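For reference, the structure is listed below as structure tokens.
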Amino acid sequence: MGHTVVLSDIHLCEVEREEGLWMRYRQKAYGPDQDLVAMLEALRRQVAGEALTLVFNGDTFDLD
């Protein structure tokens, strides 16, 4: 059996060096990195050797 997971609007980007309200989502404390890693590790454990397809559906990277 195969599994498909669709990820959208992750907005991975470079981390801003300054803190404050401006572009808070780009600050390390608010980035999705650790949550994304934890989710992917949990998925890998759940499928336990079965096929897993990840689909990145837009707004994955913010490249300004």
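In the structure tokens, chains take the letters A, B, ... in the order shown, each chain's residues start at 1, and ligands count up from 1 in the order shown.
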Shell of 12 Å around region 31-33 of chain A, only C-alpha atoms, local chain residues under 2 positions omitted, as a PyMOL selection string: chain A and resi 9-16+23-29+35-40+60-61
Would you mind exporting C-alpha atoms of the selected residues as a PDB file, in the first residue's frame?
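The result, stored in out.pdb:
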ATOM      1  CA  ASP A   9       2.173  26.863   2.051  1.00  0.00           C
ATOM      2  CA  ILE A  10       5.201  25.928   4.128  1.00  0.00           C
ATOM      3  CA  HIS A  11       7.103  29.106   3.148  1.00  0.00           C
ATOM      4  CA  LEU A  12      10.615  27.894   3.905  1.00  0.00           C
ATOM      5  CA  CYS A  13      13.002  30.823   3.776  1.00  0.00           C
ATOM      6  CA  GLU A  14      16.161  32.364   5.109  1.00  0.00           C
ATOM      7  CA  VAL A  15      16.012  33.347   8.765  1.00  0.00           C
ATOM      8  CA  GLU A  16      15.891  37.055   9.569  1.00  0.00           C
ATOM      9  CA  MET A  23       8.547  39.410   9.062  1.00  0.00           C
ATOM     10  CA  ARG A  24       8.097  37.464  12.269  1.00  0.00           C
ATOM     11  CA  TYR A  25       7.381  34.275  10.291  1.00  0.00           C
ATOM     12  CA  ARG A  26      10.991  34.448   9.082  1.00  0.00           C
ATOM     13  CA  GLN A  27      12.433  34.478  12.590  1.00  0.00           C
ATOM     14  CA  LYS A  28      13.922  31.247  13.865  1.00  0.00           C
ATOM     15  CA  ALA A  29      11.522  30.958  16.795  1.00  0.00           C
ATOM     16  CA  ASP A  35       7.631  20.920  13.330  1.00  0.00           C
ATOM     17  CA  LEU A  36       8.251  19.821   9.756  1.00  0.00           C
ATOM     18  CA  VAL A  37      11.073  17.477  10.803  1.00  0.00           C
ATOM     19  CA  ALA A  38       8.918  15.983  13.576  1.00  0.00           C
ATOM     20  CA  MET A  39       6.008  15.460  11.188  1.00  0.00           C
ATOM     21  CA  LEU A  40       8.180  13.768   8.550  1.00  0.00           C
ATOM     22  CA  THR A  60       7.066  25.817  -0.406  1.00  0.00           C
ATOM     23  CA  PHE A  61       9.985  28.249  -0.606  1.00  0.00           C
TER      24      PHE A  61
END
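A straight line drawn from CA of Met1 (chain A) to CA of Leu52 (chain A) is 9.2 Å long.
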Those in chain A with strand (DSSP E) from DSSP, as a PyMOL selection string: chain A and resi 2-7+51-56
Expected file contents, prior selection, all heavy atoms, as a PDB file, in the first residue's frame:
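Final file, again-v9.pdb:
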ATOM      1  N   GLY A   2       0.492   2.249  -0.719  1.00  0.00           N
ATOM      2  CA  GLY A   2       1.240   3.501  -0.762  1.00  0.00           C
ATOM      3  C   GLY A   2       0.496   4.618  -0.049  1.00  0.00           C
ATOM      4  O   GLY A   2      -0.712   4.553   0.167  1.00  0.00           O
ATOM      5  N   HIS A   3       1.235   5.609   0.340  1.00  0.00           N
ATOM      6  CA  HIS A   3       0.675   6.761   1.049  1.00  0.00           C
ATOM      7  C   HIS A   3       1.125   8.028   0.341  1.00  0.00           C
ATOM      8  O   HIS A   3       2.273   8.132  -0.075  1.00  0.00           O
ATOM      9  CB  HIS A   3       1.165   6.798   2.494  1.00  0.00           C
ATOM     10  CG  HIS A   3       0.864   5.546   3.245  1.00  0.00           C
ATOM     11  ND1 HIS A   3      -0.317   5.351   3.913  1.00  0.00           N
ATOM     12  CD2 HIS A   3       1.594   4.418   3.417  1.00  0.00           C
ATOM     13  CE1 HIS A   3      -0.305   4.158   4.473  1.00  0.00           C
ATOM     14  NE2 HIS A   3       0.844   3.569   4.191  1.00  0.00           N
ATOM     15  N   THR A   4       0.228   8.998   0.252  1.00  0.00           N
ATOM     16  CA  THR A   4       0.553  10.289  -0.346  1.00  0.00           C
ATOM     17  C   THR A   4       0.210  11.380   0.662  1.00  0.00           C
ATOM     18  O   THR A   4      -0.884  11.391   1.230  1.00  0.00           O
ATOM     19  CB  THR A   4      -0.245  10.525  -1.643  1.00  0.00           C
ATOM     20  OG1 THR A   4       0.068   9.483  -2.567  1.00  0.00           O
ATOM     21  CG2 THR A   4       0.111  11.873  -2.261  1.00  0.00           C
ATOM     22  N   VAL A   5       1.164  12.270   0.880  1.00  0.00           N
ATOM     23  CA  VAL A   5       0.964  13.405   1.769  1.00  0.00           C
ATOM     24  C   VAL A   5       1.200  14.675   0.953  1.00  0.00           C
ATOM     25  O   VAL A   5       2.229  14.801   0.285  1.00  0.00           O
ATOM     26  CB  VAL A   5       1.929  13.353   2.971  1.00  0.00           C
ATOM     27  CG1 VAL A   5       1.810  14.606   3.822  1.00  0.00           C
ATOM     28  CG2 VAL A   5       1.663  12.108   3.803  1.00  0.00           C
ATOM     29  N   VAL A   6       0.249  15.589   0.984  1.00  0.00           N
ATOM     30  CA  VAL A   6       0.362  16.849   0.255  1.00  0.00           C
ATOM     31  C   VAL A   6       0.665  17.956   1.258  1.00  0.00           C
ATOM     32  O   VAL A   6      -0.075  18.152   2.224  1.00  0.00           O
ATOM     33  CB  VAL A   6      -0.934  17.168  -0.523  1.00  0.00           C
ATOM     34  CG1 VAL A   6      -0.804  18.487  -1.260  1.00  0.00           C
ATOM     35  CG2 VAL A   6      -1.274  16.032  -1.488  1.00  0.00           C
ATOM     36  N   LEU A   7       1.764  18.668   1.029  1.00  0.00           N
ATOM     37  CA  LEU A   7       2.165  19.794   1.882  1.00  0.00           C
ATOM     38  C   LEU A   7       2.038  21.072   1.074  1.00  0.00           C
ATOM     39  O   LEU A   7       2.470  21.138  -0.067  1.00  0.00           O
ATOM     40  CB  LEU A   7       3.614  19.610   2.345  1.00  0.00           C
ATOM     41  CG  LEU A   7       3.914  18.335   3.119  1.00  0.00           C
ATOM     42  CD1 LEU A   7       5.402  18.195   3.341  1.00  0.00           C
ATOM     43  CD2 LEU A   7       3.172  18.336   4.426  1.00  0.00           C
ATOM     44  N   ALA A  51       5.498   2.549   0.705  1.00  0.00           N
ATOM     45  CA  ALA A  51       5.798   3.696  -0.154  1.00  0.00           C
ATOM     46  C   ALA A  51       5.151   4.963   0.414  1.00  0.00           C
ATOM     47  O   ALA A  51       4.002   4.956   0.840  1.00  0.00           O
ATOM     48  CB  ALA A  51       5.291   3.458  -1.566  1.00  0.00           C
ATOM     49  N   LEU A  52       5.925   6.044   0.421  1.00  0.00           N
ATOM     50  CA  LEU A  52       5.440   7.343   0.875  1.00  0.00           C
ATOM     51  C   LEU A  52       5.805   8.380  -0.171  1.00  0.00           C
ATOM     52  O   LEU A  52       6.968   8.533  -0.517  1.00  0.00           O
ATOM     53  CB  LEU A  52       6.062   7.725   2.222  1.00  0.00           C
ATOM     54  CG  LEU A  52       5.752   9.118   2.760  1.00  0.00           C
ATOM     55  CD1 LEU A  52       4.255   9.281   3.012  1.00  0.00           C
ATOM     56  CD2 LEU A  52       6.541   9.387   4.026  1.00  0.00           C
ATOM     57  N   THR A  53       4.806   9.066  -0.689  1.00  0.00           N
ATOM     58  CA  THR A  53       5.023  10.121  -1.679  1.00  0.00           C
ATOM     59  C   THR A  53       4.685  11.463  -1.043  1.00  0.00           C
ATOM     60  O   THR A  53       3.604  11.635  -0.486  1.00  0.00           O
ATOM     61  CB  THR A  53       4.121   9.906  -2.919  1.00  0.00           C
ATOM     62  OG1 THR A  53       4.396   8.633  -3.482  1.00  0.00           O
ATOM     63  CG2 THR A  53       4.348  10.989  -3.951  1.00  0.00           C
ATOM     64  N   LEU A  54       5.636  12.400  -1.101  1.00  0.00           N
ATOM     65  CA  LEU A  54       5.396  13.756  -0.622  1.00  0.00           C
ATOM     66  C   LEU A  54       5.165  14.656  -1.824  1.00  0.00           C
ATOM     67  O   LEU A  54       5.963  14.668  -2.758  1.00  0.00           O
ATOM     68  CB  LEU A  54       6.589  14.277   0.172  1.00  0.00           C
ATOM     69  CG  LEU A  54       6.910  13.558   1.468  1.00  0.00           C
ATOM     70  CD1 LEU A  54       8.182  14.139   2.078  1.00  0.00           C
ATOM     71  CD2 LEU A  54       5.763  13.654   2.442  1.00  0.00           C
ATOM     72  N   VAL A  55       4.093  15.423  -1.790  1.00  0.00           N
ATOM     73  CA  VAL A  55       3.781  16.371  -2.849  1.00  0.00           C
ATOM     74  C   VAL A  55       3.859  17.764  -2.245  1.00  0.00           C
ATOM     75  O   VAL A  55       3.154  18.064  -1.274  1.00  0.00           O
ATOM     76  CB  VAL A  55       2.363  16.124  -3.429  1.00  0.00           C
ATOM     77  CG1 VAL A  55       2.027  17.167  -4.491  1.00  0.00           C
ATOM     78  CG2 VAL A  55       2.248  14.715  -3.978  1.00  0.00           C
ATOM     79  N   PHE A  56       4.718  18.611  -2.785  1.00  0.00           N
ATOM     80  CA  PHE A  56       4.832  19.995  -2.335  1.00  0.00           C
ATOM     81  C   PHE A  56       3.987  20.842  -3.269  1.00  0.00           C
ATOM     82  O   PHE A  56       4.320  21.038  -4.426  1.00  0.00           O
ATOM     83  CB  PHE A  56       6.300  20.439  -2.337  1.00  0.00           C
ATOM     84  CG  PHE A  56       7.115  19.701  -1.316  1.00  0.00           C
ATOM     85  CD1 PHE A  56       7.876  18.603  -1.685  1.00  0.00           C
ATOM     86  CD2 PHE A  56       7.105  20.089   0.007  1.00  0.00           C
ATOM     87  CE1 PHE A  56       8.615  17.900  -0.748  1.00  0.00           C
ATOM     88  CE2 PHE A  56       7.841  19.405   0.957  1.00  0.00           C
ATOM     89  CZ  PHE A  56       8.597  18.305   0.582  1.00  0.00           C
TER      90      PHE A  56
END
Residue set, chain A restricted to helix (DSSP H, G or I), as a ChimeraX atom specification: /A:24-26,28-30,33-47
CA of Asn57 (chain A) to CA of Ser8 (chain A), straight-line distance in Å: 4.7 Å
